[in-house]
4 protein chains.
Amino acid sequence: MKKIRISVVGATSLTARILLQLLCRHPHVEIAILTSDSSPGTPVSKRYTFLQGRYDGVFKSYNQDEILEETDLVFLTKQHGEFLPDTIRLFNAAQKINREFKIIDLSADFRLKNPENYETWYKFEHSGIDLLEQAVYGLPELHRKEIKNAGLIANPGCYPTTAILGTAPFVHHHQADPNCVIIDGYSGTSGAGMRPNERNMAITTMENLLPYKIGIHQHTPEIEQELSLTGNEPVTVTFVPHVAPFRFGMCANIYLKMLGSLKSEDGTELMKGFYQKEPFLRVLNPGEYPEIRNVVGTNWCEIGYVYDPRTNTGIVLSAIDNAVKGASGQAVQNMNIMYGWEETTGLT
Amino acid sequence: MKKIRISVVGATSLTARILLQLLCRHPHVEIAILTSDSSPGTPVSKRYTFLQGRYDGVFKSYNQDEILEETDLVFLTKQHGEFLPDTIRLFNAAQKINREFKIIDLSADFRLKNPENYETWYKFEHSGIDLLEQAVYGLPELHRKEIKNAGLIANPGCYPTTAILGTAPFVHHHQADPNCVIIDGYSGTSGAGMRPNERNMAITTMENLLPYKIGIHQHTPEIEQELSLTGNEPVTVTFVPHVAPFRFGMCANIYLKMLGSLKSEDGTELMKGFYQKEPFLRVLNPGEYPEIRNVVGTNWCEIGYVYDPRTNTGIVLSAIDNAVKGASGQAVQNMNIMYGWEETTGLT
Amino acid sequence: MKKIRISVVGATSLTARILLQLLCRHPHVEIAILTSDSSPGTPVSKRYTFLQGRYDGVFKSYNQDEILEETDLVFLTKQHGEFLPDTIRLFNAAQKINREFKIIDLSADFRLKNPENYETWYKFEHSGIDLLEQAVYGLPELHRKEIKNAGLIANPGCYPTTAILGTAPFVHHHQADPNCVIIDGYSGTSGAGMRPNERNMAITTMENLLPYKIGIHQHTPEIEQELSLTGNEPVTVTFVPHVAPFRFGMCANIYLKMLGSLKSEDGTELMKGFYQKEPFLRVLNPGEYPEIRNVVGTNWCEIGYVYDPRTNTGIVLSAIDNAVKGASGQAVQNMNIMYGWEETTGLT
Amino acid sequence: MKKIRISVVGATSLTARILLQLLCRHPHVEIAILTSDSSPGTPVSKRYTFLQGRYDGVFKSYNQDEILEETDLVFLTKQHGEFLPDTIRLFNAAQKINREFKIIDLSADFRLKNPENYETWYKFEHSGIDLLEQAVYGLPELHRKEIKNAGLIANPGCYPTTAILGTAPFVHHHQADPNCVIIDGYSGTSGAGMRPNERNMAITTMENLLPYKIGIHQHTPEIEQELSLTGNEPVTVTFVPHVAPFRFGMCANIYLKMLGSLKSEDGTELMKGFYQKEPFLRVLNPGEYPEIRNVVGTNWCEIGYVYDPRTNTGIVLSAIDNAVKGASGQAVQNMNIMYGWEETTGLT
């Protein structure tokens, strides 16, 4: 089988590092171009020792023509807003030359369907409104069919992946009040990236829990959009993120006001039915709780449901590796779907 | 001033260690008797090097007469249920000889007014029902006056201290739905004590978050009892505890369904009014969030309030040191109140 | 290719857990028998969720005949001394029926050639002295040829693996004073196993460094034995172990009194020559230092050399994952060698 | 007693934070001026909530005349080299007006007597060579008498404090080879300050040990200077520093080639004799090892000695809180000595 040629834009980010670790073990792809504006000309294997003997090129400056000519799929790992105009140009150029070229954007630039949300939550005006509709939100558990034929994938955020996967079965089946969804999220410090700041320094994060952006985190509309779609009615959420004293991993406690009295056993069955045959979704039995240590380093999402009859509250716990299922692993999963490969290829 | 003579029962526990660190710096007390059933005869300063030169005795077996004759105040630091019959005997003996003798019990044995809750949540039948009424729940912010004259203090649990202090202002002023109080709590591993188990081992707690006893934790009725008292109506809570990867410290996110639309500024004012002049309560301004690193090693409780207008949810954050304000520091605070000393003595 | 049938004795230990994680991804083996004296009859996949769908049996009591008849290779993961008489019986029984049966013992029971060292360092008398000679010390970098034909492998300890791999090139080439080798070692808490004790509890290991058994650790004679062999002269070492606040990983600083003035560059070349073509040994260039985060979760050992001309001291840094290259990964590597498979099979 | 008026230059550093925490509980001083070039005008209590109600001023720009007129003692907490010309000007101005004004410099600017060492190890030319002689190295255990009368204290570095206190008794009594002193040091991430870099980020320091500047760390000549003074002969050391995964605390393993065979008991006695009556030095008995958790948050230094007869190596372990005894606590101890106060004032 001919290998697919891959490019990565922004290849020195933490997200790109994890992505490259996955790609270099993937049997159907070859790394063709890695761009880095900060260190063009630097040998890639100097930064990524695991690529020694596997990829011996250097980081390059971004060049649209080169990407289009020499690669089949590009992963974009820049910060939100940073690369948006280039992404639009790249997508349009690919359309024009009528070439089957695929984009998986790991930034937030194409995740939201409603352009106003970019102004409200991200504080920038979106310059590619028509593309927002064409982009497919790359959460395989909800959009596998559309992902298959997409040219532009908006790879989900880490908190949204955790929160949506835990909540979707209940809003889909109208078991929970759509106006009373509380998401209490915990991210490892890797979520704050490699550019040093208060949320990724040891002295502020170790022996501590660091709440931030309470009620105003930009992942809120992304969660609401997908839950509203799944539930076919508007869902509003309260989202409270924290940085926790570990490096990798993410979990959420989701509190639902139940419409009926869905017992732990029944809610578990409902989740198992909803996620039947999903390759990366593990629904735990009543009495078992998802834990980060069970999913870290993998593309798995663990979820569990507990019903508190005293207050008629449903508690969903959800855990992933923020850098794998919450970013690069999910991007590879999307790629596998797009090319019709076994969905778990390179991810076990 | 004549010093008060102190005894500690169960003096090798982690709680006792912290307590002794506080007591040995307290100007108005002297340590008289330290009991330990596991190591009677062992020099105390061998275990507690910080007591070298300050207390040169040995651990003793528990002897009720000795305690009553040679000390004025006893701190009980045994596990719940373990010492209950002895506590009852001790209390009655002190009454009988008509001696002003005080007991501060750091276990849960006298915290709950309703004896049925011991059967439901602690799985034992309480043998001293009449004493439950006489005991005073030692949370100074709510019961300072009764503490002043109490002979038996039930020192609050760590989770209840965190949760009650954050929630009380809002249920007292009937700003929150009393049937929709969600408490999401995080404890350091010290909360699981020194007897090794899954919740205090490094390999299970580091790089992880460990949920446990969801909806069934024994601190639940304690929180409900005090909030119901404060609010003068039944309050029911959903309580979800976790062990987090730090040693000391505790925090909670408390989610309230607001009855009105109490803005962040107004909720903050309400809390400031409620806790006016409290020596260990710091109400943060809007935009500031309580953090464990700000309170660890101290008797302070930090709380902050954020209103999410999109879902009409009030979010209270509360942070303490689980071993200080959540146990031994609060015991010292109670002692200070009982003896009419400056409330912060030995705690700054 | 017919799969080799594997048994694991003591299959509920932490070492066994890691081993099973590796074995279940190994293409040439199938898990046949897992013994556990503490939980016979328990479904294996209940304890090891990663085996769900891959191994559906239960833990069994140890039965020598069954092991011999139904498996080709047994991994022993009991504590030192615990299984020794059984191992001797098993080995002899296999010889007697003239069957090609292999044993890889992850305990220390067959690592030392001199039986007196068991009395001195392990405090027990060895009952299988003749077997000590037949057993092969399973460090592939030094004994690959003998491993190939061995019936009984003594899988190395974690500290010895770290220390020997870092020191061997220098004592082999007689560049370092054989009486002045200082090994300063750091182990993750997993090294203290799953039976709770002071060295694996969070409260004693987090925000701390815990030295123990200074100069008297039982791994000392193992290190000396192998370095003496490599150097062809007696080597004596000072060994100071610590528990460090991480879960997995191990590193050592090795201080050598150099006989000549071996510069950083030259020492690096010497190491690269010594370990030429080794599949799991990464010699870093001058200026690069081995770090645990680069090897954790892998079977790699990273080493680096720095020369301090001011004191004529050679400093070797060595890092591995204590549970992989320091135990279960190395056991798999040994198995691969014994069966003539690609040495990295199941380990990448 | 009239309170001494204190100023702190560079008052927003981490060192200054710890210093202010100590000073605000010190009975004989009052905070007069806090300078910060980065945030002049900002209320101090906004940054340092623990100063609320204790100091209500704002950060000021540095003004020499103001410092000299309104304060009696200044603590300098800038990075090395940064404030040197100002310090020289300030010292000379104080001399000129013949006023009893004291300077405690927590930077390295006046620690080294030999100006060439600034060029070799710090890469700058020292512009105040004559002041180097007048400055007193502020390690009370070695220089208490000179500190008493000093006008300019060079407050020791954290690694030197740890290393010198552990080694001094042995080089003073000529028990160890002065050319074979190996110092293996471990610092918490706070040692890397608050300006974010690789050595204080969570992702690079957690679950890791980070060696750096092996053999070339700038604290080396400081250690050698003081040990040579104590031993009255040149002492050369090999120094290997690491960042360890904790926030506060520091420890060192010191390896000595013993000239005689100084047993553990005898070496312990030697240390106890050397440090007789020292208020912050705890010499542990044989079999007890210093640990960071025993000294963190205090001004104590714990040391212990183990003799390895097999290799004639003496192993000294030394532990302090890098931010207290290793910086701000020692500065307060020096102040206490300079003013003839009880040496432990404000430090217990």
# chains A, B, ... in the order shown; residues from 1 in each chain; ligands from 1
>>> interface_residues(of="chain B", to="chain C", cutoff="7 Å", atoms="only C-alpha atoms", output="PyMOL selection string")
chain B and resi 189-190+196-197+200-203+247
>>> select_by_dssp(residues="stretch 77-170 of chain C", states="strand (DSSP E or B)", output="NGL selection string")
:C and (102-105 or 136-137 or 152-154)
>>> write_last_selection(atoms="C-alpha atoms", output="PDB file, in the first residue's frame")
ATOM      1  CA  LYS C 102      12.893 -22.069  30.331  1.00  0.00           C
ATOM      2  CA  ILE C 103      12.798 -20.064  33.535  1.00  0.00           C
ATOM      3  CA  ILE C 104      13.250 -16.324  33.863  1.00  0.00           C
ATOM      4  CA  ASP C 105      13.460 -15.447  37.539  1.00  0.00           C
ATOM      5  CA  VAL C 136      22.863 -16.782  33.585  1.00  0.00           C
ATOM      6  CA  TYR C 137      22.809 -13.145  34.687  1.00  0.00           C
ATOM      7  CA  LEU C 152      17.549 -20.332  33.893  1.00  0.00           C
ATOM      8  CA  ILE C 153      17.885 -16.567  33.656  1.00  0.00           C
ATOM      9  CA  ALA C 154      18.531 -14.439  36.732  1.00  0.00           C
TER      10      ALA C 154
END
>>> residues_around(residues="D:Met250", least_positions_apart="2", cutoff="9 Å", atoms="only C-alpha atoms", output="number ranges by chain")
D: 158-159, 162, 185-188, 191, 244, 248, 252, 292, 296, 318-323, 326
>>> atom_distance(atom1="atom CA of A:Asp56", atom2="atom CA of C:Pro290")
22.2 Å
>>> atom_distance(atom1="atom CA of D:His26", atom2="atom CA of D:Thr345")
6.7 Å
>>> select_by_dssp(residues="stretch 189-240 of chain D", states="helix (DSSP H, G or I)", output="VMD selection string")
chain D and resid 189 to 192 198 to 200 202 to 205 220 to 231
>>> write_last_selection(atoms="C-alpha atoms", output="compact mmCIF listing (two decimals), in the first residue's frame")
# COMPACT_ATOMS: atom_id res chain seq x y z
CA THR D 189 12.04 24.07 41.66
CA SER D 190 11.74 27.28 43.68
CA GLY D 191 15.52 27.50 43.34
CA ALA D 192 14.97 28.36 39.69
CA GLU D 198 12.86 24.78 31.85
CA ARG D 199 13.97 24.21 35.42
CA ASN D 200 10.80 25.48 37.01
CA ALA D 202 5.92 21.40 35.84
CA ILE D 203 6.18 19.38 32.65
CA THR D 204 9.96 19.18 32.75
CA THR D 205 10.41 18.76 36.50
CA THR D 220 31.46 25.81 43.18
CA PRO D 221 34.05 28.50 44.06
CA GLU D 222 31.89 29.67 46.97
CA ILE D 223 31.92 26.19 48.47
CA GLU D 224 35.65 25.81 47.87
CA GLN D 225 36.47 29.21 49.38
CA GLU D 226 34.75 28.49 52.66
CA LEU D 227 35.94 24.90 52.96
CA SER D 228 39.52 25.99 52.25
CA LEU D 229 39.21 28.62 54.97
CA THR D 230 37.81 26.11 57.43
CA GLY D 231 40.38 23.48 56.56
>>> residues_around(residues="B:Lys60", least_positions_apart="4", cutoff="6 Å", atoms="only C-alpha atoms", output="number ranges by chain")
B: 35-36, 40
>>> write_last_selection(atoms="C-alpha atoms", output="PDB file, in the first residue's frame")
ATOM      1  CA  THR B  35      -1.408   8.035  75.279  1.00  0.00           C
ATOM      2  CA  SER B  36      -0.614   5.404  72.711  1.00  0.00           C
ATOM      3  CA  PRO B  40       3.504   2.702  75.488  1.00  0.00           C
TER       4      PRO B  40
END
>>> residues_around(residues="stretch 264-276 of chain D", least_positions_apart="5", cutoff="10 Å", atoms="only C-alpha atoms", output="list in words")
Glu141, Leu142, Leu165, Gly166, Thr167, Ala168, Pro169, Phe170, His172, His173, Gln175, Leu281, Arg282, Val283, Leu284, Asn285, Pro286, Gly287, Ile303, Gly304, Tyr305, Val306, Tyr307, Asp308, Pro309, Gly314, Ile315 and Val316 of chain D
>>> write_last_selection(atoms="C-alpha atoms", output="short mmCIF file (atom, residue, chain, number, x, y, z; two decimals), in the first residue's frame")
data_model
loop_
_atom_site.label_atom_id
_atom_site.label_comp_id
_atom_site.auth_asym_id
_atom_site.auth_seq_id
_atom_site.Cartn_x
_atom_site.Cartn_y
_atom_site.Cartn_z
CA GLU D 141 28.09 28.69 61.96
CA LEU D 142 31.49 29.75 60.57
CA LEU D 165 27.60 22.85 56.71
CA GLY D 166 27.84 19.15 55.90
CA THR D 167 31.53 19.16 54.96
CA ALA D 168 33.13 21.73 57.27
CA PRO D 169 33.58 19.53 60.37
CA PHE D 170 35.52 16.96 58.37
CA HIS D 172 38.38 21.37 59.60
CA HIS D 173 39.58 18.30 61.45
CA GLN D 175 39.61 13.81 58.31
CA LEU D 281 21.92 22.75 63.25
CA ARG D 282 20.57 19.27 64.03
CA VAL D 283 23.13 16.47 63.91
CA LEU D 284 21.31 13.15 63.54
CA ASN D 285 22.37 9.97 65.24
CA PRO D 286 23.77 7.05 63.23
CA GLY D 287 20.95 5.27 61.44
CA ILE D 303 23.05 16.63 58.84
CA GLY D 304 24.00 12.99 59.28
CA TYR D 305 27.14 10.95 58.70
CA VAL D 306 27.55 7.35 57.52
CA TYR D 307 30.87 5.61 57.14
CA ASP D 308 31.24 2.90 54.49
CA PRO D 309 34.15 0.78 55.68
CA GLY D 314 32.41 9.02 54.39
CA ILE D 315 28.90 9.97 53.34
CA VAL D 316 27.42 13.16 54.74
#
>>> residues_around(residues="A:Asp177", least_positions_apart="3", cutoff="12 Å", atoms="only C-alpha atoms", output="list of chain:residue names")
A:Thr167, A:Phe170, A:Val171, A:His172, A:His173, A:His174, A:Cys180, A:Val181, A:Ile182, A:Leu227, A:Ser228, A:Gly231, A:Glu233, A:Pro234, A:Val235, A:Thr236, A:Val237, A:Tyr255, A:Leu256, A:Lys257, A:Met258, A:Leu259, A:Gly260, A:Asn312, A:Thr313, A:Gly314, B:Thr311
>>> write_last_selection(atoms="C-alpha atoms", output="PDB file, in the first residue's frame")
ATOM      1  CA  THR A 167     -22.786  13.940  28.732  1.00  0.00           C
ATOM      2  CA  PHE A 170     -27.956  11.541  28.651  1.00  0.00           C
ATOM      3  CA  VAL A 171     -28.910  14.619  26.652  1.00  0.00           C
ATOM      4  CA  HIS A 172     -29.480  12.490  23.560  1.00  0.00           C
ATOM      5  CA  HIS A 173     -31.989  10.369  25.457  1.00  0.00           C
ATOM      6  CA  HIS A 174     -33.468  13.421  27.193  1.00  0.00           C
ATOM      7  CA  CYS A 180     -28.597  22.317  34.389  1.00  0.00           C
ATOM      8  CA  VAL A 181     -25.358  20.719  33.247  1.00  0.00           C
ATOM      9  CA  ILE A 182     -22.357  21.413  35.455  1.00  0.00           C
ATOM     10  CA  LEU A 227     -24.577  18.681  23.191  1.00  0.00           C
ATOM     11  CA  SER A 228     -27.341  20.768  21.618  1.00  0.00           C
ATOM     12  CA  GLY A 231     -29.951  16.453  22.211  1.00  0.00           C
ATOM     13  CA  GLU A 233     -32.485  21.122  21.802  1.00  0.00           C
ATOM     14  CA  PRO A 234     -30.437  23.958  23.303  1.00  0.00           C
ATOM     15  CA  VAL A 235     -28.127  22.795  26.086  1.00  0.00           C
ATOM     16  CA  THR A 236     -26.437  25.313  28.367  1.00  0.00           C
ATOM     17  CA  VAL A 237     -23.530  24.353  30.599  1.00  0.00           C
ATOM     18  CA  TYR A 255     -23.435  16.931  37.370  1.00  0.00           C
ATOM     19  CA  LEU A 256     -26.816  16.432  35.757  1.00  0.00           C
ATOM     20  CA  LYS A 257     -30.275  17.220  37.087  1.00  0.00           C
ATOM     21  CA  MET A 258     -32.058  14.037  36.029  1.00  0.00           C
ATOM     22  CA  LEU A 259     -35.524  14.267  34.500  1.00  0.00           C
ATOM     23  CA  GLY A 260     -36.431  10.773  35.684  1.00  0.00           C
ATOM     24  CA  ASN A 312     -31.935  13.156  41.957  1.00  0.00           C
ATOM     25  CA  THR A 313     -28.529  14.051  40.584  1.00  0.00           C
ATOM     26  CA  GLY A 314     -26.697  12.073  37.942  1.00  0.00           C
TER      27      GLY A 314
ATOM     28  CA  THR B 311     -27.170  29.072  33.937  1.00  0.00           C
TER      29      THR B 311
END
>>> atom_distance(atom1="atom CA of B:His126", atom2="atom CA of B:Ile97")
24.8 Å
